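Here's upload05.cif, which has mmCIF, C-alpha atoms and all ligand atoms:
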data_upload
#
loop_
_atom_site.group_PDB
_atom_site.id
_atom_site.type_symbol
_atom_site.label_atom_id
_atom_site.label_comp_id
_atom_site.auth_asym_id
_atom_site.auth_seq_id
_atom_site.Cartn_x
_atom_site.Cartn_y
_atom_site.Cartn_z
ATOM 1 C CA MET A 6 91.455 59.346 100.168
ATOM 2 C CA GLN A 7 90.493 56.084 98.515
ATOM 3 C CA LEU A 8 87.572 57.456 96.496
ATOM 4 C CA LEU A 9 89.771 60.080 94.824
ATOM 5 C CA GLU A 10 92.636 57.655 94.247
ATOM 6 C CA ASN A 11 90.208 55.267 92.534
ATOM 7 C CA ALA A 12 88.897 58.068 90.316
ATOM 8 C CA ILE A 13 92.468 59.034 89.365
ATOM 9 C CA LEU A 14 93.364 55.431 88.528
ATOM 10 C CA GLU A 15 90.154 54.734 86.621
ATOM 11 C CA ARG A 16 89.511 58.077 84.903
ATOM 12 C CA GLY A 17 92.813 60.010 84.987
ATOM 13 C CA ARG A 18 95.397 59.982 82.216
ATOM 14 C CA VAL A 19 99.123 60.738 82.387
ATOM 15 C CA LYS A 20 100.319 63.012 79.566
ATOM 16 C CA ASP A 21 103.846 63.981 78.544
ATOM 17 C CA GLY A 22 105.369 62.259 81.561
ATOM 18 C CA ASP A 23 104.361 64.617 84.342
ATOM 19 C CA VAL A 24 100.942 66.081 83.568
ATOM 20 C CA LEU A 25 97.977 64.272 85.047
ATOM 21 C CA LYS A 26 94.737 64.897 83.169
ATOM 22 C CA VAL A 27 91.717 64.709 85.441
ATOM 23 C CA ASP A 28 89.379 66.532 83.103
ATOM 24 C CA ALA A 29 86.910 63.620 83.059
ATOM 25 C CA PHE A 30 85.878 64.259 86.683
ATOM 26 C CA LEU A 31 87.604 67.225 88.346
ATOM 27 C CA ASN A 32 88.482 70.221 86.212
ATOM 28 C CA HIS A 33 86.573 70.149 82.945
ATOM 29 C CA GLN A 34 83.725 67.673 83.173
ATOM 30 C CA MET A 35 82.950 67.732 86.893
ATOM 31 C CA ASP A 36 81.677 64.735 88.852
ATOM 32 C CA VAL A 37 79.684 66.745 91.361
ATOM 33 C CA SER A 38 78.877 63.880 93.728
ATOM 34 C CA LEU A 39 82.553 62.886 93.876
ATOM 35 C CA ILE A 40 83.589 66.509 94.433
ATOM 36 C CA ASN A 41 80.943 66.753 97.159
ATOM 37 C CA GLU A 42 82.695 63.891 98.950
ATOM 38 C CA LEU A 43 85.980 65.822 98.645
ATOM 39 C CA GLY A 44 84.237 68.866 100.127
ATOM 40 C CA LYS A 45 82.968 66.784 103.051
ATOM 41 C CA GLU A 46 86.474 65.462 103.634
ATOM 42 C CA PHE A 47 87.909 69.010 103.662
ATOM 43 C CA PHE A 48 85.240 69.901 106.209
ATOM 44 C CA ARG A 49 86.153 66.881 108.335
ATOM 45 C CA ARG A 50 89.788 68.060 108.331
ATOM 46 C CA PHE A 51 89.323 71.833 108.685
ATOM 47 C CA GLY A 52 85.779 72.235 110.021
ATOM 48 C CA ASP A 53 86.853 73.101 113.575
ATOM 49 C CA ARG A 54 89.179 75.959 112.637
ATOM 50 C CA GLY A 55 86.749 78.844 112.494
ATOM 51 C CA VAL A 56 87.009 79.282 108.706
ATOM 52 C CA THR A 57 85.255 82.461 107.519
ATOM 53 C CA LYS A 58 86.259 82.382 103.809
ATOM 54 C CA ILE A 59 87.505 79.949 101.231
ATOM 55 C CA LEU A 60 90.025 81.365 98.766
ATOM 56 C CA THR A 61 90.860 79.726 95.466
ATOM 57 C CA ILE A 62 92.123 80.678 92.007
ATOM 58 C CA GLU A 63 90.260 80.648 88.719
ATOM 59 C CA ALA A 64 89.285 78.614 86.887
ATOM 60 C CA SER A 65 89.711 75.033 88.069
ATOM 61 C CA GLY A 66 89.531 75.786 91.780
ATOM 62 C CA ILE A 67 86.174 77.562 91.684
ATOM 63 C CA GLY A 68 83.792 74.623 91.363
ATOM 64 C CA ILE A 69 85.646 72.598 93.996
ATOM 65 C CA ALA A 70 85.752 75.557 96.366
ATOM 66 C CA CYS A 71 82.021 76.282 95.925
ATOM 67 C CA ILE A 72 80.974 72.711 96.650
ATOM 68 C CA THR A 73 83.337 72.648 99.653
ATOM 69 C CA ALA A 74 82.014 75.991 100.919
ATOM 70 C CA GLN A 75 78.505 74.583 101.240
ATOM 71 C CA HIS A 76 79.805 72.322 104.008
ATOM 72 C CA PHE A 77 81.455 75.253 105.794
ATOM 73 C CA GLY A 78 78.629 77.733 105.226
ATOM 74 C CA VAL A 79 81.078 80.476 104.177
ATOM 75 C CA PRO A 80 81.627 82.499 100.976
ATOM 76 C CA VAL A 81 84.158 81.662 98.288
ATOM 77 C CA VAL A 82 86.526 84.305 96.975
ATOM 78 C CA PHE A 83 88.460 83.455 93.849
ATOM 79 C CA ALA A 84 91.589 85.213 92.675
ATOM 80 C CA LYS A 85 91.194 86.426 89.110
ATOM 81 C CA LYS A 86 93.935 85.902 86.577
ATOM 82 C CA THR A 87 94.097 89.188 84.792
ATOM 83 C CA GLN A 88 96.096 91.661 82.788
ATOM 84 C CA SER A 89 93.586 94.427 83.303
ATOM 85 C CA ARG A 90 92.765 95.968 86.672
ATOM 86 C CA ASN A 91 89.073 96.020 85.932
ATOM 87 C CA ILE A 92 88.051 95.815 89.578
ATOM 88 C CA ASP A 93 86.600 98.620 91.695
ATOM 89 C CA GLY A 94 88.674 100.077 94.491
ATOM 90 C CA GLU A 95 91.729 98.760 96.255
ATOM 91 C CA VAL A 96 93.122 95.432 95.084
ATOM 92 C CA LEU A 97 95.586 92.874 96.348
ATOM 93 C CA THR A 98 97.839 91.422 93.667
ATOM 94 C CA SER A 99 100.472 88.765 93.254
ATOM 95 C CA GLN A 100 102.180 86.850 90.450
ATOM 96 C CA VAL A 101 101.863 83.194 89.528
ATOM 97 C CA THR A 102 103.833 81.050 87.098
ATOM 98 C CA SER A 103 101.687 78.493 85.311
ATOM 99 C CA PHE A 104 103.296 75.127 84.900
ATOM 100 C CA THR A 105 100.604 73.848 82.557
ATOM 101 C CA HIS A 106 100.536 77.005 80.401
ATOM 102 C CA GLN A 107 104.222 77.944 80.752
ATOM 103 C CA ARG A 108 103.667 81.636 81.457
ATOM 104 C CA ASN A 109 103.432 84.233 84.235
ATOM 105 C CA TYR A 110 100.288 86.137 85.090
ATOM 106 C CA ASP A 111 99.013 88.496 87.764
ATOM 107 C CA ILE A 112 96.335 87.387 90.172
ATOM 108 C CA ILE A 113 94.074 89.891 91.791
ATOM 109 C CA VAL A 114 91.464 90.044 94.567
ATOM 110 C CA SER A 115 89.448 93.034 95.676
ATOM 111 C CA ALA A 116 90.636 94.152 99.110
ATOM 112 C CA ARG A 117 86.969 94.393 100.138
ATOM 113 C CA PHE A 118 86.660 90.618 100.250
ATOM 114 C CA LEU A 119 89.577 89.744 102.563
ATOM 115 C CA SER A 120 89.927 91.513 105.897
ATOM 116 C CA PRO A 121 92.205 91.088 108.933
ATOM 117 C CA ASP A 122 89.348 89.330 110.784
ATOM 118 C CA ASP A 123 89.077 86.581 108.188
ATOM 119 C CA ARG A 124 90.254 83.027 108.752
ATOM 120 C CA VAL A 125 90.972 81.696 105.290
ATOM 121 C CA LEU A 126 91.069 78.158 103.960
ATOM 122 C CA LEU A 127 92.932 77.879 100.641
ATOM 123 C CA ILE A 128 91.560 75.316 98.176
ATOM 124 C CA ASP A 129 92.907 74.153 94.812
ATOM 125 C CA ASP A 130 92.732 71.181 92.499
ATOM 126 C CA PHE A 131 96.495 70.589 92.198
ATOM 127 C CA LEU A 132 99.662 71.369 94.115
ATOM 128 C CA ALA A 133 102.760 70.941 91.963
ATOM 129 C CA LYS A 134 105.511 73.571 92.104
ATOM 130 C CA GLY A 135 103.513 75.632 94.591
ATOM 131 C CA SER A 136 103.342 78.827 92.559
ATOM 132 C CA ALA A 137 99.530 79.089 92.640
ATOM 133 C CA MET A 138 99.462 78.498 96.414
ATOM 134 C CA LEU A 139 102.292 80.981 97.032
ATOM 135 C CA GLY A 140 100.350 83.583 95.057
ATOM 136 C CA LEU A 141 97.240 83.000 97.179
ATOM 137 C CA ILE A 142 99.282 83.076 100.390
ATOM 138 C CA SER A 143 100.720 86.433 99.367
ATOM 139 C CA LEU A 144 97.205 87.850 98.806
ATOM 140 C CA VAL A 145 96.050 86.696 102.256
ATOM 141 C CA ARG A 146 99.145 88.108 103.923
ATOM 142 C CA GLN A 147 98.618 91.485 102.234
ATOM 143 C CA SER A 148 95.077 91.544 103.639
ATOM 144 C CA GLY A 149 96.167 90.775 107.195
ATOM 145 C CA ALA A 150 93.839 87.734 107.350
ATOM 146 C CA THR A 151 94.874 84.413 108.900
ATOM 147 C CA ILE A 152 95.507 81.266 106.852
ATOM 148 C CA VAL A 153 94.067 78.238 108.639
ATOM 149 C CA GLY A 154 95.315 75.716 106.090
ATOM 150 C CA ALA A 155 95.383 74.567 102.490
ATOM 151 C CA GLY A 156 93.119 71.839 101.136
ATOM 152 C CA ILE A 157 94.454 70.282 97.957
ATOM 153 C CA CYS A 158 92.734 67.612 95.901
ATOM 154 C CA ILE A 159 95.852 66.202 94.218
ATOM 155 C CA GLU A 160 99.419 66.884 95.324
ATOM 156 C CA LYS A 161 102.347 65.891 93.138
ATOM 157 C CA GLY A 162 104.449 64.644 96.017
ATOM 158 C CA PHE A 163 107.503 64.328 93.777
ATOM 159 C CA ASP A 164 107.447 68.073 93.037
ATOM 160 C CA VAL A 165 108.684 70.930 95.212
ATOM 161 C CA GLY A 166 105.417 72.704 96.137
ATOM 162 C CA GLY A 167 104.306 70.604 99.095
ATOM 163 C CA LYS A 168 107.566 71.105 100.973
ATOM 164 C CA ALA A 169 107.732 74.808 100.089
ATOM 165 C CA ILE A 170 104.253 75.504 101.468
ATOM 166 C CA ARG A 171 104.641 73.282 104.565
ATOM 167 C CA ASP A 172 107.977 74.981 105.297
ATOM 168 C CA LEU A 173 106.000 78.234 105.659
ATOM 169 C CA GLY A 174 104.175 76.598 108.567
ATOM 170 C CA ILE A 175 100.944 76.102 106.616
ATOM 171 C CA ASP A 176 98.942 72.934 107.260
ATOM 172 C CA VAL A 177 98.634 71.414 103.785
ATOM 173 C CA GLN A 178 96.142 68.547 103.604
ATOM 174 C CA SER A 179 96.093 66.726 100.274
ATOM 175 C CA LEU A 180 93.408 64.161 99.555
ATOM 176 C CA ALA A 181 95.638 62.241 97.132
ATOM 177 C CA VAL A 182 99.421 62.483 96.961
ATOM 178 C CA ILE A 183 101.193 61.082 93.928
ATOM 179 C CA LYS A 184 104.614 59.646 94.628
ATOM 180 C CA GLU A 185 105.447 58.865 91.034
ATOM 181 C CA MET A 186 103.955 58.684 87.565
ATOM 182 C CA ARG A 187 106.117 56.474 85.421
ATOM 183 C CA ASP A 188 105.089 55.125 82.006
ATOM 184 C CA GLY A 189 101.522 56.103 82.797
ATOM 185 C CA HIS A 190 101.643 54.104 86.041
ATOM 186 C CA ILE A 191 100.576 56.110 89.112
ATOM 187 C CA VAL A 192 101.868 55.351 92.605
ATOM 188 C CA PHE A 193 100.338 57.094 95.641
ATOM 189 C CA ASP A 194 102.137 58.223 98.774
ATOM 190 C CA HIS A 195 100.017 57.377 101.830
ATOM 191 C CA ASP A 196 102.390 58.955 104.351
ATOM 192 C CA THR A 197 101.903 62.560 103.217
ATOM 193 C CA ALA A 198 98.156 62.281 102.505
ATOM 194 C CA ALA A 199 97.299 62.088 106.257
HETATM 195 P P1 LIG A 201 101.657 74.856 90.838
HETATM 196 O O1 LIG A 201 101.413 76.329 90.837
HETATM 197 O O2 LIG A 201 101.626 74.227 92.221
HETATM 198 O O3 LIG A 201 102.884 74.445 90.061
HETATM 199 O O4 LIG A 201 100.484 74.186 90.033
HETATM 200 C C1 LIG A 201 99.176 74.306 90.466
HETATM 201 C C2 LIG A 201 98.278 74.640 89.332
HETATM 202 O O5 LIG A 201 98.744 74.129 88.077
HETATM 203 C C3 LIG A 201 96.927 74.061 89.581
HETATM 204 O O6 LIG A 201 96.027 75.123 89.799
HETATM 205 C C4 LIG A 201 96.583 73.273 88.336
HETATM 206 O O7 LIG A 201 95.594 73.962 87.630
HETATM 207 C C5 LIG A 201 97.834 73.226 87.505
HETATM 208 N N1 LIG A 201 98.507 71.907 87.427
HETATM 209 C C6 LIG A 201 99.748 71.584 87.873
HETATM 210 N N2 LIG A 201 100.063 70.322 87.571
HETATM 211 C C7 LIG A 201 99.004 69.817 86.923
HETATM 212 C C8 LIG A 201 98.728 68.520 86.350
HETATM 213 O O8 LIG A 201 99.521 67.571 86.350
HETATM 214 N N3 LIG A 201 97.511 68.364 85.781
HETATM 215 C C9 LIG A 201 96.594 69.371 85.753
HETATM 216 N N4 LIG A 201 95.410 69.090 85.204
HETATM 217 N N5 LIG A 201 96.823 70.591 86.253
HETATM 218 C C10 LIG A 201 98.013 70.821 86.847
#
Can you give me the file's structure in the form of structure tokens?
Ligand code: 5GP
Amino acid sequence: MQLLENAILERGRVKDGDVLKVDAFLNHQMDVSLINELGKEFFRRFGDRGVTKILTIEASGIGIACITAQHFGVPVVFAKKTQSRNIDGEVLTSQVTSFTHQRNYDIIVSARFLSPDDRVLLIDDFLAKGSAMLGLISLVRQSGATIVGAGICIEKGFDVGGKAIRDLGIDVQSLAVIKEMRDGHIVFDHDTAA
């Protein structure tokens, strides 16, 4: 998606070789009108699939998921990263390894908010090694709900996550796919982006 690629080129920064900072517009300071265009694009791609819930993971996914959900007219559920089980009733849990924070943590969703009748669209800001997505997929599978697809803002196409999730038969649609980031120079892959 050209608008997102332009934002990455103009306002993103490459750090330590393989971390892309997009905190000027996507996951710290948030450019709401840009993110609204991303939400519209997710709706254009997934709007005909009978989505009943959008599932994301705190914290960066929440704002993007909420803006996207306004186009679908469905609720957002976000998986909490937690040590404590401070949630009422039955919970679904999974484990995620954070690439940016270099640690493992549990993610948790109340079983009340995902049911076998739900058709779930997964949303996140980044897809890199796929750990966050795999954690969300596990939560949905435990609930018996159906995954209709995964909408990703930025996929690191050079990393393993995209293939791992697509190999599970999940329709991953990424609005920008990065082929390489070398010496701060970003090259996009237009074949995977669809
Ligand atoms: P994965 O679990 O696929 O390895 O990584 C996905 C998560 O890690 C995303 O939710 C995102 O928060 C974070 N992440 C991975 N790579 C990057 C990156 O290059 N930049 C930023 N800002 N976050 C990243």
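Between atom CA of Gly140 of chain A and atom CA of Ala155 of chain A the interatomic distance comes to 12.7 Å.
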Discussion item. Taking only C-alpha atoms and all ligand atoms into account, which residues have an atom no farther than 9 Å from ligand LIG 201 (chain A)? I'd like them as a PyMOL selection string.
Written reply: chain A and resi 19-20+23-28+31-32+61-66+101-106+129-140+159-161+164-167
Discussion item. Give me the residues near segment 146-149 of chain A as a list in words, where near means some atom within 10 Å (using only C-alpha atoms) and where sequence neighbours in that chain fewer than 6 positions away do not count.
Written reply: Val96, Leu97, Thr98, Ser99, Val114, Ser115, Ala116, Arg117, Phe118, Leu119, Ser120, Pro121, Asp122, Asp123 and Arg124 of chain A
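What separates atom CA of Gln75 of chain A from atom CA of Thr151 of chain A is a distance of 20.6 Å.
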Fill in: Residues in the PyMOL selection byres (((chain A and resi 55-59) around 12) and not hetatm), expressed as a PyMOL selection string
chain A and resi 44+47-48+50-54+60-62+66-84+118-129+141+145+150-156
Worksheet item: Which residue, A:Gly94, A:Gly17, A:Gly174, A:Gly162, has the smallest gap to His190 of chain A when you use all atoms listed in the file?
Response: A:Gly17
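Here, the PyMOL selection byres (((chain A and resi 182) around 8) and not hetatm) matches Ile159, Glu160, Lys161, Gly162, Ser179, Leu180, Ala181, Ile183, Lys184, Phe193, Asp194, His195, Thr197 and Ala198 of chain A.
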Expected file contents, prior selection, C-alpha atoms, as a PDB file, keeping the file's coordinate frame:
ATOM      1  CA  ILE A 159      95.852  66.202  94.218  1.00  0.00           C
ATOM      2  CA  GLU A 160      99.419  66.884  95.324  1.00  0.00           C
ATOM      3  CA  LYS A 161     102.347  65.891  93.138  1.00  0.00           C
ATOM      4  CA  GLY A 162     104.449  64.644  96.017  1.00  0.00           C
ATOM      5  CA  SER A 179      96.093  66.726 100.274  1.00  0.00           C
ATOM      6  CA  LEU A 180      93.408  64.161  99.555  1.00  0.00           C
ATOM      7  CA  ALA A 181      95.638  62.241  97.132  1.00  0.00           C
ATOM      8  CA  ILE A 183     101.193  61.082  93.928  1.00  0.00           C
ATOM      9  CA  LYS A 184     104.614  59.646  94.628  1.00  0.00           C
ATOM     10  CA  PHE A 193     100.338  57.094  95.641  1.00  0.00           C
ATOM     11  CA  ASP A 194     102.137  58.223  98.774  1.00  0.00           C
ATOM     12  CA  HIS A 195     100.017  57.377 101.830  1.00  0.00           C
ATOM     13  CA  THR A 197     101.903  62.560 103.217  1.00  0.00           C
ATOM     14  CA  ALA A 198      98.156  62.281 102.505  1.00  0.00           C
TER      15      ALA A 198
END
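Considering the residues A:Ile191, A:Ile113, A:Leu8, A:Leu14 and counting only C-alpha atoms, Glu42 of chain A has its shortest atom-to-atom contact with A:Leu8.
Note that the spacing between atom CA of Ala12 of chain A and atom CA of Phe163 of chain A amounts to 19.9 Å.
Distances here use only C-alpha atoms; by that measure, the residue among A:Arg171, A:Leu9, A:Asp188, A:Glu15 closest to Leu39 of chain A is A:Leu9.
Checking A:Val192, A:Gln100, A:Asn41, A:Met35 one by one against Glu10 of chain A, counting all atoms listed in the file, you find the shortest gap at A:Val192.
Taking all atoms listed in the file into account, Met186 of chain A lies nearest to A:Gly22 out of the set A:Asn11, A:Lys168, A:Gly22, A:Arg16.
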